[in-house]
Amino acid sequence: MQKTLRRYAAVFVLPTAVAFTVAFLIPFLMGIYLSFTEFTTVTNAKWVGFSNYVRVFRDSSDFTNAFWFTAKFTVVSVVLVNLFAFSLAMLLTRGIRGTNVFRTVFFMPNLIGGIVLGYIWQLIINGVLSWFMVDITFSASYGFWGLVILMNWQLTGYMMIIYIAAIQNIPSDLLEAAAIDGASPRQVLRNVILPMVMPAVTICTFLTLTNSFKLFDQNFALTGGAPGRETAMLALDIYNTFYGRVGYEGMGQSKAVLFFIMVAAIAYLQLRATRDREVENV
Amino acid sequence: MTGKEKKAARRVLFVWLVFLAAVFVAPILVVLLNSFKGQFYITDEPFRLPTAETFVGLTNYAAGIAKTGFWQAFGYSLFITVCSVGVIVLFTAMTAWYITRVKSRPARIFYYLLVFSMIVPFQMVMFTMSKLANMLGLDNPAGIVFIYLGFGAGLSVFLFSGFVRAIPEEIEEAAMIDGCNPIQMFFLVVFPMLRPTAVTIAILNTMWIWNDYLLPYLVIGNKYKTIPIAVQYLQGGYGSRDMGALMALLVLSIVPIIVFYLTCQKHIIKGVAAGAVKG
């Protein structure tokens, strides 16, 4: 059968392979090459070695600032989103009336696109801040917490779904045994539920981590980086470097390569963390 | 705890959940309310209900639709999403089956490249990809479908492959003895078994492509507007922005999503949980 199937490679693989090559593979390889060159369009590149990478850090502090802003935002988001999501999941696995309706409502924001989310929250946050005669561009910390609130609104329901599935998968005899042994609700949570949902905690942590780290649309719509560039995250800073002014394309591309290396490092950690747990996971 | 206390505790929890649900829905309701207010009454007092003085009926909707060509944007969004999702589901299922069954070195290399593409952030390729798309004449709604196939291939082939591996090869061998050629085999035997996965993959890709902003903006944005591009366009730096039109457009772009969600809620929640592997 393998032999016959092989003759049909053109039918089964070619469309995907060509699209993948054009949309991803060539742009990716070209991107790495161009990060070592100076160019304005992709056809007039001039080799400059590592100078773009040096300029990323020497010419301005935009990229470093964006990195620290992104890192802070990511840590705060990961902690808060998972805390809220897990609490909601605990509430919604007690057989309270209307559980399905609540689940539907909490999950809904996750389906709305980032640009639309950004403008919804811009209205709300500016509305609240207008009582104090300021708006979200007044201070970077307003933008920061605005993004955190937005992220919680969007991702809590999603993570909640994963936690609910994990909590419902705990064998009921474990919980019954704990009850017979006289464990308090807090002891049950700490010694039975939490250890049993650890795989879900790993999944949700990395999911919120990558989603927050790579955030673009929400950042672009909510603050656009204002005031100044203080609330621009890494993805937005790369976008601004490419399209904000002419002559910085090489620098933008080397920022993109650095960004890729960071995201790949997170993915590698995720792979290791989930592989270590694979045994318990099954 | 006595039965009565338990009941009371449950009631407290229920009220608390109702409150939280209200907090979750509130932002959308605020936008909805403001979409009926005159544009100069929105920024100052967004939390006030429309009054006889501030109520403008559907004026904002008319303005928003006219300024952005909303119906056209809706058409492009629909065309691009439906075509891309169809193309992705069909071709990546075929590819996944082929590279799982044919255990050749090129097939394995291709599979690893696809998996690798899942971890590469869009910013890494956005400039080169949009320039290349432009040079190859892919900067139109049909061309972008092709680009989405290339971009969506990683996750979709990865998810399909997992399920192809779970299909016993004996079924396919039996079909081959009965005289199926690979194309018949795929459409009559393999694909029907992959249907649940196909639904999951269709939903994940629909949510991604429908809401995607940057990719369509960079590739076709100067000639064709999808809904997210239309929303952003209204915001753009041309003169003072019309808050009323923006509110109306936000409502108009949320409505299709809510309709879609309420009609296939079960599949969506299942699909999103299954897609949790993506970084």
# chains A, B, ... in the order shown; residues from 1 in each chain; ligands from 1

call {"tool": "interface_residues", "arguments": {"of": "chain B", "to": "chain A", "cutoff": "7 Å", "atoms": "only C-alpha atoms", "output": "ChimeraX atom specification"}}
result
/B:14,21,24,27,31,43-46,91-92,94-95,98,101-102,119-121,123-125,128-129,146-147,149-151,153,182,207,211,228,250,254,257,273,279

call {"tool": "write_last_selection", "arguments": {"atoms": "N, CA and C atoms", "output": "compact mmCIF listing (two decimals), in the first residue's frame"}}
result
# COMPACT_ATOMS: atom_id res chain seq x y z
N PHE B 14 -24.37 30.91 44.13
CA PHE B 14 -25.13 31.18 42.92
C PHE B 14 -25.20 32.68 42.65
N ALA B 21 -20.92 36.77 36.17
CA ALA B 21 -21.39 36.68 34.79
C ALA B 21 -21.77 38.07 34.29
N PHE B 24 -18.77 39.94 33.35
CA PHE B 24 -18.22 39.48 32.07
C PHE B 24 -18.99 40.04 30.87
N PRO B 27 -19.03 44.75 29.61
CA PRO B 27 -18.34 45.54 28.59
C PRO B 27 -19.07 45.53 27.24
N VAL B 31 -20.85 48.78 25.20
CA VAL B 31 -20.63 49.12 23.79
C VAL B 31 -21.97 49.18 23.05
N THR B 43 -17.56 59.41 24.62
CA THR B 43 -16.30 59.44 25.37
C THR B 43 -16.49 59.99 26.78
N ASP B 44 -17.36 61.01 26.92
CA ASP B 44 -17.50 61.66 28.23
C ASP B 44 -18.20 60.78 29.25
N GLU B 45 -19.31 60.21 28.85
CA GLU B 45 -20.10 59.46 29.83
C GLU B 45 -20.54 58.12 29.26
N PRO B 46 -19.60 57.21 29.10
CA PRO B 46 -19.97 55.95 28.45
C PRO B 46 -20.92 55.09 29.27
N PHE B 91 -6.75 19.67 2.44
CA PHE B 91 -5.37 19.38 2.04
C PHE B 91 -4.51 18.91 3.21
N THR B 92 -4.73 19.45 4.40
CA THR B 92 -3.88 18.99 5.51
C THR B 92 -4.27 17.58 5.95
N MET B 94 -5.21 15.24 3.85
CA MET B 94 -4.54 14.41 2.86
C MET B 94 -3.05 14.29 3.18
N THR B 95 -2.44 15.45 3.48
CA THR B 95 -1.02 15.44 3.78
C THR B 95 -0.71 14.60 5.03
N TYR B 98 -0.89 10.96 4.24
CA TYR B 98 0.25 10.52 3.43
C TYR B 98 1.52 10.42 4.27
N ARG B 101 1.48 7.48 6.76
CA ARG B 101 1.53 6.12 6.20
C ARG B 101 2.81 5.85 5.42
N VAL B 102 3.27 6.83 4.65
CA VAL B 102 4.51 6.64 3.89
C VAL B 102 5.67 7.03 4.79
N ILE B 119 5.96 26.94 16.21
CA ILE B 119 6.53 27.75 17.29
C ILE B 119 7.10 29.07 16.79
N VAL B 120 7.07 29.30 15.46
CA VAL B 120 7.64 30.54 14.94
C VAL B 120 6.61 31.66 15.01
N PRO B 121 6.91 32.75 15.71
CA PRO B 121 5.93 33.84 15.80
C PRO B 121 5.77 34.55 14.45
N GLN B 123 5.69 37.60 13.60
CA GLN B 123 6.58 38.74 13.35
C GLN B 123 7.86 38.32 12.64
N MET B 124 8.28 37.07 12.87
CA MET B 124 9.51 36.58 12.25
C MET B 124 9.40 36.59 10.72
N VAL B 125 8.23 36.30 10.20
CA VAL B 125 8.10 36.16 8.74
C VAL B 125 7.21 37.23 8.11
N THR B 128 8.96 39.54 5.15
CA THR B 128 9.36 38.78 3.96
C THR B 128 8.15 38.11 3.31
N MET B 129 7.24 37.57 4.13
CA MET B 129 6.09 36.88 3.57
C MET B 129 5.21 37.85 2.80
N PHE B 146 -4.45 30.72 -0.20
CA PHE B 146 -3.26 29.90 -0.40
C PHE B 146 -2.25 30.14 0.74
N ILE B 147 -2.10 31.40 1.12
CA ILE B 147 -1.18 31.72 2.21
C ILE B 147 -1.65 31.12 3.53
N LEU B 149 -3.35 28.46 3.84
CA LEU B 149 -3.06 27.01 3.80
C LEU B 149 -1.64 26.76 4.29
N GLY B 150 -0.69 27.56 3.81
CA GLY B 150 0.69 27.38 4.22
C GLY B 150 0.91 27.65 5.70
N PHE B 151 0.22 28.68 6.21
CA PHE B 151 0.39 29.05 7.61
C PHE B 151 -0.36 28.14 8.57
N ALA B 153 -1.02 25.03 8.02
CA ALA B 153 -0.66 23.63 7.82
C ALA B 153 -0.02 23.01 9.07
N PRO B 182 -5.69 4.94 -3.92
CA PRO B 182 -5.49 5.83 -2.77
C PRO B 182 -6.50 6.98 -2.69
N MET B 207 -11.79 30.44 13.91
CA MET B 207 -11.61 31.49 14.91
C MET B 207 -10.35 32.31 14.64
N ASN B 211 -10.76 36.32 12.92
CA ASN B 211 -10.30 37.41 13.78
C ASN B 211 -8.94 37.97 13.39
N PRO B 228 -11.82 42.97 10.79
CA PRO B 228 -10.87 43.62 11.71
C PRO B 228 -10.15 44.81 11.08
N LEU B 250 -18.18 47.86 16.21
CA LEU B 250 -17.81 46.84 17.20
C LEU B 250 -18.98 45.88 17.40
N ILE B 254 -19.21 41.83 16.54
CA ILE B 254 -19.39 40.82 17.59
C ILE B 254 -20.57 39.91 17.28
N ILE B 257 -19.99 36.53 15.61
CA ILE B 257 -19.25 35.62 16.48
C ILE B 257 -20.18 34.98 17.50
N ALA B 273 -10.37 23.21 23.48
CA ALA B 273 -9.62 22.45 24.47
C ALA B 273 -8.63 21.52 23.78
N GLY B 279 1.36 26.44 20.82
CA GLY B 279 2.03 27.44 21.65
C GLY B 279 1.62 28.83 21.29

call {"tool": "residues_around", "arguments": {"residues": "B:Leu155", "least_positions_apart": "5", "cutoff": "12 Å", "atoms": "only C-alpha atoms", "output": "PyMOL selection string"}}
result
chain B and resi 88-89+92-93+96+111-120+148-150+160-162+200-202+204-205+208+274-279

call {"tool": "closest_residue", "arguments": {"among": "A:Asn100, A:Gln218, A:Met233, A:Leu150", "to": "B:Asp212", "atoms": "only C-alpha atoms"}}
result
A:Gln218

call {"tool": "residues_around", "arguments": {"residues": "B:Leu138", "least_positions_apart": "6", "cutoff": "10 Å", "atoms": "only C-alpha atoms", "output": "short mmCIF file (atom, residue, chain, number, x, y, z; two decimals) with N, CA and C atoms, in the first residue's frame"}}
result
data_model
loop_
_atom_site.label_atom_id
_atom_site.label_comp_id
_atom_site.auth_asym_id
_atom_site.auth_seq_id
_atom_site.Cartn_x
_atom_site.Cartn_y
_atom_site.Cartn_z
N SER B 130 4.95 39.03 3.36
CA SER B 130 4.04 39.93 2.65
C SER B 130 4.68 40.47 1.37
N LYS B 131 6.01 40.67 1.40
CA LYS B 131 6.69 41.11 0.17
C LYS B 131 6.64 40.00 -0.89
N LEU B 132 6.89 38.76 -0.47
CA LEU B 132 6.87 37.64 -1.39
C LEU B 132 5.47 37.45 -1.99
N ILE B 144 -4.74 34.94 -0.70
CA ILE B 144 -4.54 34.84 0.75
C ILE B 144 -5.03 33.49 1.27
N VAL B 145 -5.97 32.88 0.55
CA VAL B 145 -6.41 31.53 0.92
C VAL B 145 -5.23 30.57 0.84
N PHE B 146 -4.45 30.72 -0.20
CA PHE B 146 -3.26 29.90 -0.40
C PHE B 146 -2.25 30.14 0.74
N ILE B 147 -2.10 31.40 1.12
CA ILE B 147 -1.18 31.72 2.21
C ILE B 147 -1.65 31.12 3.53
N VAL B 219 -1.02 41.80 3.70
CA VAL B 219 -1.02 41.17 2.38
C VAL B 219 -2.02 41.86 1.43
N ILE B 220 -3.25 42.10 1.91
CA ILE B 220 -4.26 42.67 1.00
C ILE B 220 -4.86 43.98 1.51
#

call {"tool": "atom_distance", "arguments": {"atom1": "atom CA of B:Glu53", "atom2": "atom CA of B:Gln39"}}
result
12.1 Å

call {"tool": "residues_around", "arguments": {"residues": "stretch 191-195 of chain A", "least_positions_apart": "2", "cutoff": "9 Å", "atoms": "only C-alpha atoms", "output": "NGL selection string"}}
result
:A and (167 or 170 or 174-175 or 178 or 186-189 or 197-199 or 201)

call {"tool": "write_last_selection", "arguments": {"atoms": "C-alpha atoms", "output": "tab-separated table (two decimals), in the first residue's frame"}}
result
chain	number	residue	atom	x	y	z
A	167	ILE	CA	-11.28	18.51	37.93
A	170	ILE	CA	-10.47	13.19	39.27
A	174	LEU	CA	-10.36	9.53	45.78
A	175	LEU	CA	-12.58	12.37	46.98
A	178	ALA	CA	-10.62	11.78	51.63
A	186	ARG	CA	-8.85	22.88	52.38
A	187	GLN	CA	-6.97	19.63	52.88
A	188	VAL	CA	-8.88	18.03	50.01
A	189	LEU	CA	-7.94	20.96	47.77
A	197	VAL	CA	-4.79	18.77	38.17
A	198	MET	CA	-1.07	19.54	37.91
A	199	PRO	CA	-0.89	18.50	34.21
A	201	VAL	CA	-1.76	23.67	35.42

call {"tool": "residues_around", "arguments": {"residues": "B:Leu29", "least_positions_apart": "5", "cutoff": "10 Å", "atoms": "only C-alpha atoms", "output": "JSON, numbers by chain"}}
result
{"B": [22, 24, 34, 35, 47, 251]}

call {"tool": "write_last_selection", "arguments": {"atoms": "N, CA and C atoms", "output": "PDB file, in the first residue's frame"}}
result
ATOM      1  N   ALA B  22     -22.412  38.860  35.172  1.00  0.00           N
ATOM      2  CA  ALA B  22     -22.793  40.217  34.796  1.00  0.00           C
ATOM      3  C   ALA B  22     -21.549  41.043  34.479  1.00  0.00           C
ATOM      4  N   PHE B  24     -18.768  39.944  33.348  1.00  0.00           N
ATOM      5  CA  PHE B  24     -18.223  39.482  32.070  1.00  0.00           C
ATOM      6  C   PHE B  24     -18.991  40.036  30.875  1.00  0.00           C
ATOM      7  N   ASN B  34     -23.822  52.370  23.917  1.00  0.00           N
ATOM      8  CA  ASN B  34     -23.212  53.555  23.330  1.00  0.00           C
ATOM      9  C   ASN B  34     -23.385  53.633  21.822  1.00  0.00           C
ATOM     10  N   SER B  35     -23.634  52.469  21.209  1.00  0.00           N
ATOM     11  CA  SER B  35     -23.805  52.498  19.760  1.00  0.00           C
ATOM     12  C   SER B  35     -25.093  53.225  19.377  1.00  0.00           C
ATOM     13  N   PHE B  47     -20.997  55.351  30.593  1.00  0.00           N
ATOM     14  CA  PHE B  47     -21.825  54.462  31.414  1.00  0.00           C
ATOM     15  C   PHE B  47     -23.240  54.977  31.621  1.00  0.00           C
ATOM     16  N   VAL B 251     -20.189  46.454  17.544  1.00  0.00           N
ATOM     17  CA  VAL B 251     -21.365  45.598  17.731  1.00  0.00           C
ATOM     18  C   VAL B 251     -21.542  44.694  16.516  1.00  0.00           C
TER      19      VAL B 251
END

call {"tool": "atom_distance", "arguments": {"atom1": "atom CA of B:Gly38", "atom2": "atom CA of B:Leu234"}}
result
16.4 Å

call {"tool": "residues_around", "arguments": {"residues": "B:Ile229", "least_positions_apart": "4", "cutoff": "8 Å", "atoms": "only C-alpha atoms", "output": "compact mmCIF listing (two decimals) with C-alpha atoms, in the first residue's frame"}}
result
# COMPACT_ATOMS: atom_id res chain seq x y z
CA TYR B 213 -5.81 41.31 11.60
CA PRO B 216 -4.59 40.22 5.88
CA TYR B 217 -3.70 43.84 6.59
CA GLY B 221 -4.97 45.59 3.36
CA LYS B 225 -10.76 45.23 3.95
CA TYR B 233 -9.46 51.72 9.60

call {"tool": "select_by_dssp", "arguments": {"residues": "stretch 9-152 of chain A", "states": "helix (DSSP H, G or I)", "output": "ChimeraX atom specification"}}
result
/A:9-12,14-34,51-58,62-91,99-111,114-132,140-152

call {"tool": "write_last_selection", "arguments": {"atoms": "C-alpha atoms", "output": "CSV table (one decimal), in the first residue's frame"}}
result
chain,number,residue,atom,x,y,z
A,9,ALA,CA,2.5,12.2,-3.6
A,10,ALA,CA,1.7,15.0,-6.1
A,11,VAL,CA,-2.0,14.8,-5.2
A,12,PHE,CA,-1.7,14.4,-1.4
A,14,LEU,CA,2.1,18.9,-3.2
A,15,PRO,CA,-0.6,21.6,-2.5
A,16,THR,CA,0.3,21.8,1.2
A,17,ALA,CA,4.0,21.6,0.5
A,18,VAL,CA,3.9,24.4,-2.1
A,19,ALA,CA,1.8,26.7,0.1
A,20,PHE,CA,4.0,25.9,3.1
A,21,THR,CA,7.1,26.7,1.2
A,22,VAL,CA,5.8,30.0,-0.2
A,23,ALA,CA,4.0,31.2,3.0
A,24,PHE,CA,6.5,30.0,5.6
A,25,LEU,CA,9.7,28.3,4.6
A,26,ILE,CA,11.1,30.8,2.1
A,27,PRO,CA,10.0,33.8,4.2
A,28,PHE,CA,11.6,32.2,7.3
A,29,LEU,CA,15.0,31.5,5.7
A,30,MET,CA,14.9,34.9,3.9
A,31,GLY,CA,14.1,36.5,7.3
A,32,ILE,CA,17.2,35.0,8.9
A,33,TYR,CA,19.4,36.0,6.0
A,34,LEU,CA,18.0,39.6,5.8
A,51,SER,CA,25.7,45.2,12.9
A,52,ASN,CA,21.8,45.1,12.9
A,53,TYR,CA,21.9,43.1,16.1
A,54,VAL,CA,24.4,45.5,17.7
A,55,ARG,CA,22.2,48.4,16.7
A,56,VAL,CA,19.1,46.9,18.3
A,57,PHE,CA,20.7,47.4,21.7
A,58,ARG,CA,22.9,50.4,21.0
A,62,ASP,CA,13.0,50.6,22.7
A,63,PHE,CA,13.6,46.8,22.4
A,64,THR,CA,15.0,46.4,25.9
A,65,ASN,CA,12.1,48.5,27.3
A,66,ALA,CA,9.6,46.4,25.3
A,67,PHE,CA,11.2,43.2,26.6
A,68,TRP,CA,10.8,44.2,30.3
A,69,PHE,CA,7.3,45.5,29.7
A,70,THR,CA,6.4,42.2,28.0
A,71,ALA,CA,8.1,40.1,30.7
A,72,LYS,CA,6.3,42.0,33.5
A,73,PHE,CA,3.0,41.8,31.7
A,74,THR,CA,3.4,38.1,31.0
A,75,VAL,CA,4.2,37.2,34.6
A,76,VAL,CA,1.3,39.1,36.1
A,77,SER,CA,-1.1,37.8,33.4
A,78,VAL,CA,-0.1,34.2,33.9
A,79,VAL,CA,-0.5,34.3,37.6
A,80,LEU,CA,-3.9,36.2,37.6
A,81,VAL,CA,-5.5,34.4,34.7
A,82,ASN,CA,-4.7,31.0,36.2
A,83,LEU,CA,-5.8,32.0,39.7
A,84,PHE,CA,-9.2,33.2,38.4
A,85,ALA,CA,-9.7,30.4,36.0
A,86,PHE,CA,-9.0,27.7,38.6
A,87,SER,CA,-11.3,29.4,41.1
A,88,LEU,CA,-14.1,29.6,38.6
A,89,ALA,CA,-13.5,26.0,37.6
A,90,MET,CA,-13.9,25.0,41.3
A,91,LEU,CA,-17.1,26.9,41.6
A,99,THR,CA,-23.5,25.8,35.5
A,100,ASN,CA,-23.7,25.5,31.7
A,101,VAL,CA,-25.0,29.0,31.2
A,102,PHE,CA,-22.2,30.4,33.4
A,103,ARG,CA,-19.6,28.4,31.5
A,104,THR,CA,-21.0,29.7,28.2
A,105,VAL,CA,-20.8,33.3,29.4
A,106,PHE,CA,-17.3,33.1,30.9
A,107,PHE,CA,-15.9,31.5,27.7
A,108,MET,CA,-17.5,33.9,25.2
A,109,PRO,CA,-14.9,36.8,25.3
A,110,ASN,CA,-12.3,34.3,24.1
A,111,LEU,CA,-13.9,34.2,20.6
A,114,GLY,CA,-8.0,41.1,19.5
A,115,ILE,CA,-8.6,44.4,17.7
A,116,VAL,CA,-12.3,44.5,18.7
A,117,LEU,CA,-11.4,43.5,22.3
A,118,GLY,CA,-8.9,46.4,22.4
A,119,TYR,CA,-11.5,49.0,21.4
A,120,ILE,CA,-14.1,47.6,23.8
A,121,TRP,CA,-11.8,48.0,26.7
A,122,GLN,CA,-10.5,51.3,25.5
A,123,LEU,CA,-14.0,52.7,25.9
A,124,ILE,CA,-14.5,51.1,29.3
A,125,ILE,CA,-11.2,52.1,30.8
A,126,ASN,CA,-11.2,55.6,29.4
A,127,GLY,CA,-14.8,55.9,30.7
A,128,VAL,CA,-13.6,55.1,34.2
A,129,LEU,CA,-10.4,57.2,34.0
A,130,SER,CA,-12.4,60.2,32.7
A,131,TRP,CA,-13.8,60.6,36.3
A,132,PHE,CA,-10.2,61.6,37.1
A,140,ALA,CA,2.3,53.6,31.3
A,141,SER,CA,0.9,51.9,34.4
A,142,TYR,CA,-2.7,52.6,33.2
A,143,GLY,CA,-1.9,50.9,29.9
A,144,PHE,CA,-0.2,48.0,31.7
A,145,TRP,CA,-3.1,47.3,34.0
A,146,GLY,CA,-5.6,47.9,31.2
A,147,LEU,CA,-3.8,45.2,29.2
A,148,VAL,CA,-3.8,42.9,32.2
A,149,ILE,CA,-7.6,43.4,32.7
A,150,LEU,CA,-8.2,42.8,29.0
A,151,MET,CA,-6.1,39.6,29.0
A,152,ASN,CA,-8.0,38.3,32.1

call {"tool": "atom_distance", "arguments": {"atom1": "atom CA of B:Tyr261", "atom2": "atom CA of B:Trp16"}}
result
24.7 Å
